[in-house]
Amino acid sequence: MITRIGFRKKLALELFRTYRKNESKLHQLNYILWECTLRCNLNCLHCGSDCKKDVSLPDMPLKDFLNALDQLKDLVNPNKTMIVLTGGEALLRKDLEETGRNLYKRGFPWGIVTNGMFLNEQKLRALMQSGLRAVTVSLDGLETSHNWLRGNARSFDLAVSAIKLLPRTPGLKYDVVTCVNRKNVNELASLKDFLIKEGISAWRIFTVFPIGRASDNPDLQLNAGEFKGLFDFIQETRREKRINLNYGCEGFLGNYEREVRDNFFICRAGINVASVLADGSISACPNLRENFIQGNIYKDNFADVWQNRYQIFRDKSWTRTGICADCSFYKYCEGNGMHLRNEKTGELMFCHLKRIEEGNR
Amino acid sequence: MSSKYLPFINALISGCLTLLGFSCDLVNPRVEYGTPNAKFIVNGTVTSVESEETIKNIRVIMKNDTSFTDNEGKYEVVDEGAFPTNQTYTIHFQDFDNESNGAFMDKDTLVEFKNPEFSHGDGHWYEGETSKEFDIKLTPKK
């Protein structure tokens with residue numbers, strides 16, 4: 001029973017609840033995502049970004065992002081603040097090495113999220129020499145299902161070529177991330193063996209959520225039985241200890257908490273995480289737009305925004321509506337990940353716990 | 001409660017969770033991709049440039065860490081959670097007790113870590129610690 005939680009874990013969840021409250025009060029920024037381009041070389045079915053294939057879309061000038069970062073100098077310790085470049089496809093930026101060197105010079109560790117299409121040995125070496133420390137590469141299944149989701153017949157081969165570089169690169173932190181959907185859910189065991197064979201030690205799984213293009217593709221979402229089965233798979237894989245597999249940072253998962261990822265559920269968006277979107281909007285995570293935008297680097301001081309706004313993230317009592325209103329696990333969940341709340345109405349679009357319960361029946 | 005106690009409480013919670021069998025890295029929370037970090041340690045002995053005798057109770061400051069030399073003139077200062085790459089630290093040596101152990105001039109000096117090697121990392125984001133021995137001589141005040 002997913003909702004039957006033992007005494008020891010309940011005690012741990014209560015402690016973690018206090019921790020989460022303290023984190024909200026401390027509100028220490030330590031993770032900044034930069035949507036450094038909206039251009040993309042793929043057209044993925046599930047994409048949550050506003051990214052476009054149109055190469056004429058201008059990227060934000062580097063100096064504008066650096067100016068915004070420099071405004072944070074009294075607020076953050078750069079050594080303890082990770083900058084993650086996302087997109088679109090981050091590798092399409094022509095000034096990525098210069099970007100990296102500027103971040104490195106300021107003491108920020110930085111990383112990229114990429115589909116791997118343009119990540120070859122030479123590019124990786126150049127980025128490492130510019131201070132790159134972390135890479136996340138997407139691999140959404142075996143060849144057919146990956147290429148289907150990514151809409152490109154060469155995307156699997158290129159992503160795998162990129163992935164092979166990761167464990168061979170000293171000093172590089174990495175993980176492979178897989179978006180699980182109805183096409184690939186039954187091949188996860190084969191994908192696991194494939195990744196282990198390639199020497200991959202860190203794997204992260206997330207499920208499609210109903211935003212971006214995925215909101216128009218309900219078939220991408222697992223049915224309840226598959227959804228429940230996914231967590232059994234993750235739990236079993238973690239027990240094997242052949243690869244460190246984690247479920248993404250969304251959803252309170254009842255008795256699966258701490259069994260399928262390294263930490264208990266916490267949505268750090270707006271608590272420790274901020275984002276600068278392609279148009280300069282200051283948000284919490286790149287999946288949060290519209291009503292969740294807190295300011296804009298072209299109008300506001302980034303430090304002021306972080307210190308004086310973000311109220312909807314620091315106090316989430318407003319999320320206790322709809323199906324959250326009478327949920328007995330609300331105190332551990334606080335309304336799920338903010339990206340799963342409707343940007344206009346605030347209503348919850350997807351409850352992990354309810355979906356797992358449906359799969360149990 | 002003042003927010004200055006909250007990091008301590010969170011560290012305590014992290015310890016309690018470990019005792020319960022649910023170890024979580026809450027002291028250095030990491031979202032999604034993590035943050036590489038390492039510990040840089042500088043240690044050594046402070047002596048008088050004239051007598052070559054060790055000097056106790058000299059204040060040593062490196063970034064946010066302050067320590068004092070012991071009876072044998074030894075000190076250690078630490079930078080926790082630094083970026084695991086080449087680092088240069090300014091270390092400030094200060095005689096704050098005036099005449100009680102002899103009076104010495106303050107001194108600022110640079111200590112450089114070049115291509116540091118780290119040990120005892122956790123296999124994840126914490127790459128471990130590296131240390132450098134750095135002895136210093138202070139000049140007595142005239």
# chains A, B, ... in the order shown; residues from 1 in each chain; ligands from 1

$ interface_residues --of "chain B" --to "chain A" --cutoff "7 Å" --atoms "only C-alpha atoms" --output "list in words"
Ser3, Leu6, Asn10, Ile13, Leu17, Leu20, Cys24, Thr35, Gly81, Ala82 and Phe83 of chain B

$ select_by_dssp --residues "range 93-220 of chain A" --states "alpha helix (DSSP H)" --output "PDB file with C-alpha atoms, in the first residue's frame"
ATOM      1  CA  LEU A  96      29.582  28.693 -25.129  1.00  0.00           C
ATOM      2  CA  GLU A  97      33.310  28.508 -24.390  1.00  0.00           C
ATOM      3  CA  GLU A  98      33.456  32.242 -23.732  1.00  0.00           C
ATOM      4  CA  THR A  99      30.374  31.887 -21.531  1.00  0.00           C
ATOM      5  CA  GLY A 100      32.068  29.099 -19.587  1.00  0.00           C
ATOM      6  CA  ARG A 101      35.299  31.027 -19.129  1.00  0.00           C
ATOM      7  CA  ASN A 102      33.377  34.014 -17.783  1.00  0.00           C
ATOM      8  CA  LEU A 103      31.465  31.857 -15.324  1.00  0.00           C
ATOM      9  CA  TYR A 104      34.639  30.057 -14.295  1.00  0.00           C
ATOM     10  CA  LYS A 105      36.450  33.373 -13.776  1.00  0.00           C
ATOM     11  CA  GLU A 121      35.106  14.718 -28.173  1.00  0.00           C
ATOM     12  CA  GLN A 122      36.536  17.977 -29.478  1.00  0.00           C
ATOM     13  CA  LYS A 123      33.603  20.061 -28.244  1.00  0.00           C
ATOM     14  CA  LEU A 124      33.661  18.398 -24.832  1.00  0.00           C
ATOM     15  CA  ARG A 125      37.410  19.030 -24.487  1.00  0.00           C
ATOM     16  CA  ALA A 126      36.939  22.700 -25.390  1.00  0.00           C
ATOM     17  CA  LEU A 127      34.114  23.039 -22.863  1.00  0.00           C
ATOM     18  CA  MET A 128      36.101  21.278 -20.142  1.00  0.00           C
ATOM     19  CA  GLU A 143      16.848   3.525 -30.927  1.00  0.00           C
ATOM     20  CA  THR A 144      13.291   3.438 -32.286  1.00  0.00           C
ATOM     21  CA  SER A 145      11.568   5.031 -29.335  1.00  0.00           C
ATOM     22  CA  HIS A 146      14.278   7.663 -28.799  1.00  0.00           C
ATOM     23  CA  ASN A 147      14.193   8.701 -32.457  1.00  0.00           C
ATOM     24  CA  TRP A 148      10.379   8.749 -32.390  1.00  0.00           C
ATOM     25  CA  LEU A 149      10.250  11.098 -29.408  1.00  0.00           C
ATOM     26  CA  ARG A 150      13.062  13.260 -30.743  1.00  0.00           C
ATOM     27  CA  SER A 155      19.380  11.458 -32.762  1.00  0.00           C
ATOM     28  CA  PHE A 156      19.892   8.109 -30.988  1.00  0.00           C
ATOM     29  CA  ASP A 157      23.301   7.443 -32.564  1.00  0.00           C
ATOM     30  CA  LEU A 158      24.518  10.938 -31.801  1.00  0.00           C
ATOM     31  CA  ALA A 159      23.196  10.900 -28.237  1.00  0.00           C
ATOM     32  CA  VAL A 160      24.896   7.542 -27.619  1.00  0.00           C
ATOM     33  CA  SER A 161      28.188   8.849 -29.050  1.00  0.00           C
ATOM     34  CA  ALA A 162      27.954  11.730 -26.579  1.00  0.00           C
ATOM     35  CA  ILE A 163      27.040   9.454 -23.686  1.00  0.00           C
ATOM     36  CA  LYS A 164      30.072   7.237 -24.331  1.00  0.00           C
ATOM     37  CA  LEU A 165      32.318  10.253 -23.713  1.00  0.00           C
ATOM     38  CA  LEU A 188      13.635   0.205 -19.450  1.00  0.00           C
ATOM     39  CA  ALA A 189      15.332  -3.021 -18.361  1.00  0.00           C
ATOM     40  CA  SER A 190      17.149  -3.240 -21.732  1.00  0.00           C
ATOM     41  CA  LEU A 191      18.032   0.445 -21.554  1.00  0.00           C
ATOM     42  CA  LYS A 192      19.457  -0.089 -18.073  1.00  0.00           C
ATOM     43  CA  ASP A 193      21.702  -2.921 -19.307  1.00  0.00           C
ATOM     44  CA  PHE A 194      22.761  -0.782 -22.260  1.00  0.00           C
ATOM     45  CA  LEU A 195      23.758   2.142 -20.042  1.00  0.00           C
ATOM     46  CA  ILE A 196      25.635  -0.099 -17.614  1.00  0.00           C
ATOM     47  CA  LYS A 197      27.493  -1.667 -20.542  1.00  0.00           C
TER      48      LYS A 197
END

$ atom_distance --atom1 "CA of Ala224 in chain A" --atom2 "CA of Arg355 in chain A"
5.7 Å

$ select_by_dssp --residues "range 4-129 of chain B" --states "strand (DSSP E)" --output "NGL selection string"
:B and (37-48 or 59-62 or 65-68 or 74-82 or 87-94 or 107-113 or 126-129)

$ write_last_selection --atoms "N, CA and C atoms" --output "compact mmCIF listing (two decimals), in the first residue's frame"
# COMPACT_ATOMS: atom_id res chain seq x y z
N ASN B 37 32.30 20.26 -5.33
CA ASN B 37 32.94 21.06 -4.29
C ASN B 37 34.04 20.27 -3.59
N ALA B 38 34.90 20.98 -2.90
CA ALA B 38 36.03 20.33 -2.24
C ALA B 38 36.45 21.16 -1.04
N LYS B 39 37.25 20.53 -0.18
CA LYS B 39 37.74 21.21 1.01
C LYS B 39 39.23 21.52 0.83
N PHE B 40 39.61 22.78 1.04
CA PHE B 40 41.01 23.19 0.93
C PHE B 40 41.52 23.51 2.34
N ILE B 41 42.63 22.85 2.71
CA ILE B 41 43.17 23.03 4.07
C ILE B 41 44.59 23.60 3.96
N VAL B 42 44.84 24.62 4.75
CA VAL B 42 46.23 25.13 4.84
C VAL B 42 46.65 24.99 6.29
N ASN B 43 47.82 24.39 6.53
CA ASN B 43 48.33 24.30 7.89
C ASN B 43 49.83 24.54 7.92
N GLY B 44 50.34 24.86 9.09
CA GLY B 44 51.77 25.14 9.18
C GLY B 44 52.14 25.67 10.55
N THR B 45 53.32 26.26 10.62
CA THR B 45 53.84 26.75 11.90
C THR B 45 54.26 28.21 11.74
N VAL B 46 53.96 28.98 12.76
CA VAL B 46 54.34 30.39 12.77
C VAL B 46 55.53 30.57 13.70
N THR B 47 56.60 31.14 13.16
CA THR B 47 57.80 31.37 13.99
C THR B 47 58.25 32.82 13.88
N SER B 48 59.14 33.19 14.78
CA SER B 48 59.71 34.54 14.74
C SER B 48 60.88 34.56 13.76
N ARG B 59 46.47 35.10 15.35
CA ARG B 59 45.19 34.90 14.64
C ARG B 59 45.48 34.68 13.14
N VAL B 60 44.89 33.60 12.60
CA VAL B 60 45.11 33.28 11.18
C VAL B 60 43.74 33.28 10.49
N ILE B 61 43.63 34.07 9.44
CA ILE B 61 42.33 34.20 8.76
C ILE B 61 42.48 33.81 7.29
N MET B 62 41.63 32.88 6.86
CA MET B 62 41.58 32.54 5.43
C MET B 62 40.10 32.52 5.03
N ASP B 65 37.26 31.49 7.49
CA ASP B 65 37.71 30.69 8.62
C ASP B 65 38.79 31.44 9.41
N THR B 66 38.67 31.38 10.72
CA THR B 66 39.67 32.00 11.59
C THR B 66 40.15 30.96 12.58
N SER B 67 41.47 30.88 12.80
CA SER B 67 41.97 30.01 13.87
C SER B 67 43.14 30.72 14.56
N PHE B 68 43.65 30.07 15.60
CA PHE B 68 44.75 30.68 16.37
C PHE B 68 45.85 29.65 16.52
N LYS B 74 51.40 26.09 15.86
CA LYS B 74 50.77 25.44 14.71
C LYS B 74 49.36 25.99 14.48
N TYR B 75 48.97 26.03 13.21
CA TYR B 75 47.64 26.51 12.86
C TYR B 75 47.06 25.66 11.73
N GLU B 76 45.75 25.76 11.57
CA GLU B 76 45.09 25.14 10.41
C GLU B 76 43.87 25.98 10.06
N VAL B 77 43.76 26.34 8.80
CA VAL B 77 42.55 27.06 8.34
C VAL B 77 41.98 26.30 7.14
N VAL B 78 40.66 26.38 7.00
CA VAL B 78 39.97 25.52 6.03
C VAL B 78 38.98 26.34 5.21
N ASP B 79 38.93 26.04 3.93
CA ASP B 79 37.84 26.57 3.10
C ASP B 79 36.98 25.37 2.68
N GLU B 80 35.79 25.31 3.25
CA GLU B 80 34.88 24.20 2.93
C GLU B 80 34.08 24.58 1.69
N GLY B 81 33.79 23.60 0.89
CA GLY B 81 32.85 23.83 -0.21
C GLY B 81 33.38 24.73 -1.31
N ALA B 82 34.70 24.69 -1.54
CA ALA B 82 35.24 25.51 -2.63
C ALA B 82 35.14 24.77 -3.96
N GLN B 87 43.22 27.12 -6.74
CA GLN B 87 42.70 28.16 -5.85
C GLN B 87 43.87 28.95 -5.30
N THR B 88 43.67 30.23 -5.12
CA THR B 88 44.68 31.07 -4.45
C THR B 88 43.99 31.76 -3.27
N TYR B 89 44.60 31.61 -2.10
CA TYR B 89 44.02 32.20 -0.89
C TYR B 89 44.94 33.27 -0.32
N THR B 90 44.32 34.32 0.15
CA THR B 90 45.07 35.31 0.93
C THR B 90 44.93 34.90 2.39
N ILE B 91 46.08 34.73 3.05
CA ILE B 91 46.03 34.36 4.47
C ILE B 91 46.60 35.52 5.28
N HIS B 92 45.84 35.87 6.29
CA HIS B 92 46.19 37.03 7.10
C HIS B 92 46.65 36.53 8.47
N PHE B 93 47.89 36.89 8.85
CA PHE B 93 48.42 36.52 10.17
C PHE B 93 48.45 37.79 11.03
N GLN B 94 47.87 37.68 12.19
CA GLN B 94 47.70 38.90 12.99
C GLN B 94 48.03 38.63 14.47
N LYS B 107 50.94 40.11 8.85
CA LYS B 107 51.45 39.73 7.53
C LYS B 107 50.33 39.12 6.69
N ASP B 108 50.25 39.57 5.44
CA ASP B 108 49.33 38.94 4.47
C ASP B 108 50.16 38.17 3.46
N THR B 109 49.72 36.99 3.13
CA THR B 109 50.49 36.22 2.16
C THR B 109 49.54 35.39 1.29
N LEU B 110 50.03 35.01 0.13
CA LEU B 110 49.20 34.21 -0.77
C LEU B 110 49.63 32.75 -0.72
N VAL B 111 48.64 31.87 -0.69
CA VAL B 111 48.93 30.43 -0.78
C VAL B 111 48.18 29.91 -2.01
N GLU B 112 48.93 29.22 -2.85
CA GLU B 112 48.36 28.80 -4.12
C GLU B 112 48.23 27.28 -4.18
N PHE B 113 47.08 26.81 -4.58
CA PHE B 113 46.89 25.38 -4.86
C PHE B 113 46.88 25.22 -6.38
N TYR B 126 31.04 15.88 -3.94
CA TYR B 126 32.14 16.27 -3.06
C TYR B 126 33.39 15.53 -3.50
N GLU B 127 34.37 16.28 -3.99
CA GLU B 127 35.55 15.64 -4.56
C GLU B 127 36.61 15.31 -3.51
N GLY B 128 36.40 15.76 -2.27
CA GLY B 128 37.32 15.42 -1.20
C GLY B 128 38.13 16.61 -0.74
N GLU B 129 39.24 16.33 -0.03
CA GLU B 129 40.02 17.42 0.54
C GLU B 129 41.44 17.43 0.00

$ residues_around --residues "Trp34 in chain A" --least-positions-apart "3" --cutoff "7 Å" --atoms "only C-alpha atoms" --output "PDB file with C-alpha atoms, in the first residue's frame"
ATOM      1  CA  VAL A  84      23.159  25.252 -15.632  1.00  0.00           C
ATOM      2  CA  LEU A  85      22.773  26.210 -19.276  1.00  0.00           C
ATOM      3  CA  THR A  86      19.638  24.892 -20.853  1.00  0.00           C
ATOM      4  CA  SER A 275      16.001  30.742 -13.700  1.00  0.00           C
ATOM      5  CA  VAL A 276      16.706  33.363 -16.271  1.00  0.00           C
ATOM      6  CA  LEU A 277      14.578  32.683 -19.332  1.00  0.00           C
TER       7      LEU A 277
END

$ closest_residue --among "A:Gly88, A:Gly199, A:Gly270, A:Gly346" --to "Gln311 in chain A" --atoms "only C-alpha atoms"
A:Gly270

$ atom_distance --atom1 "CA of Ile243 in chain A" --atom2 "CA of Ser201 in chain A"
5.0 Å

$ atom_distance --atom1 "CA of Gln71 in chain A" --atom2 "CA of Val305 in chain A"
10.6 Å
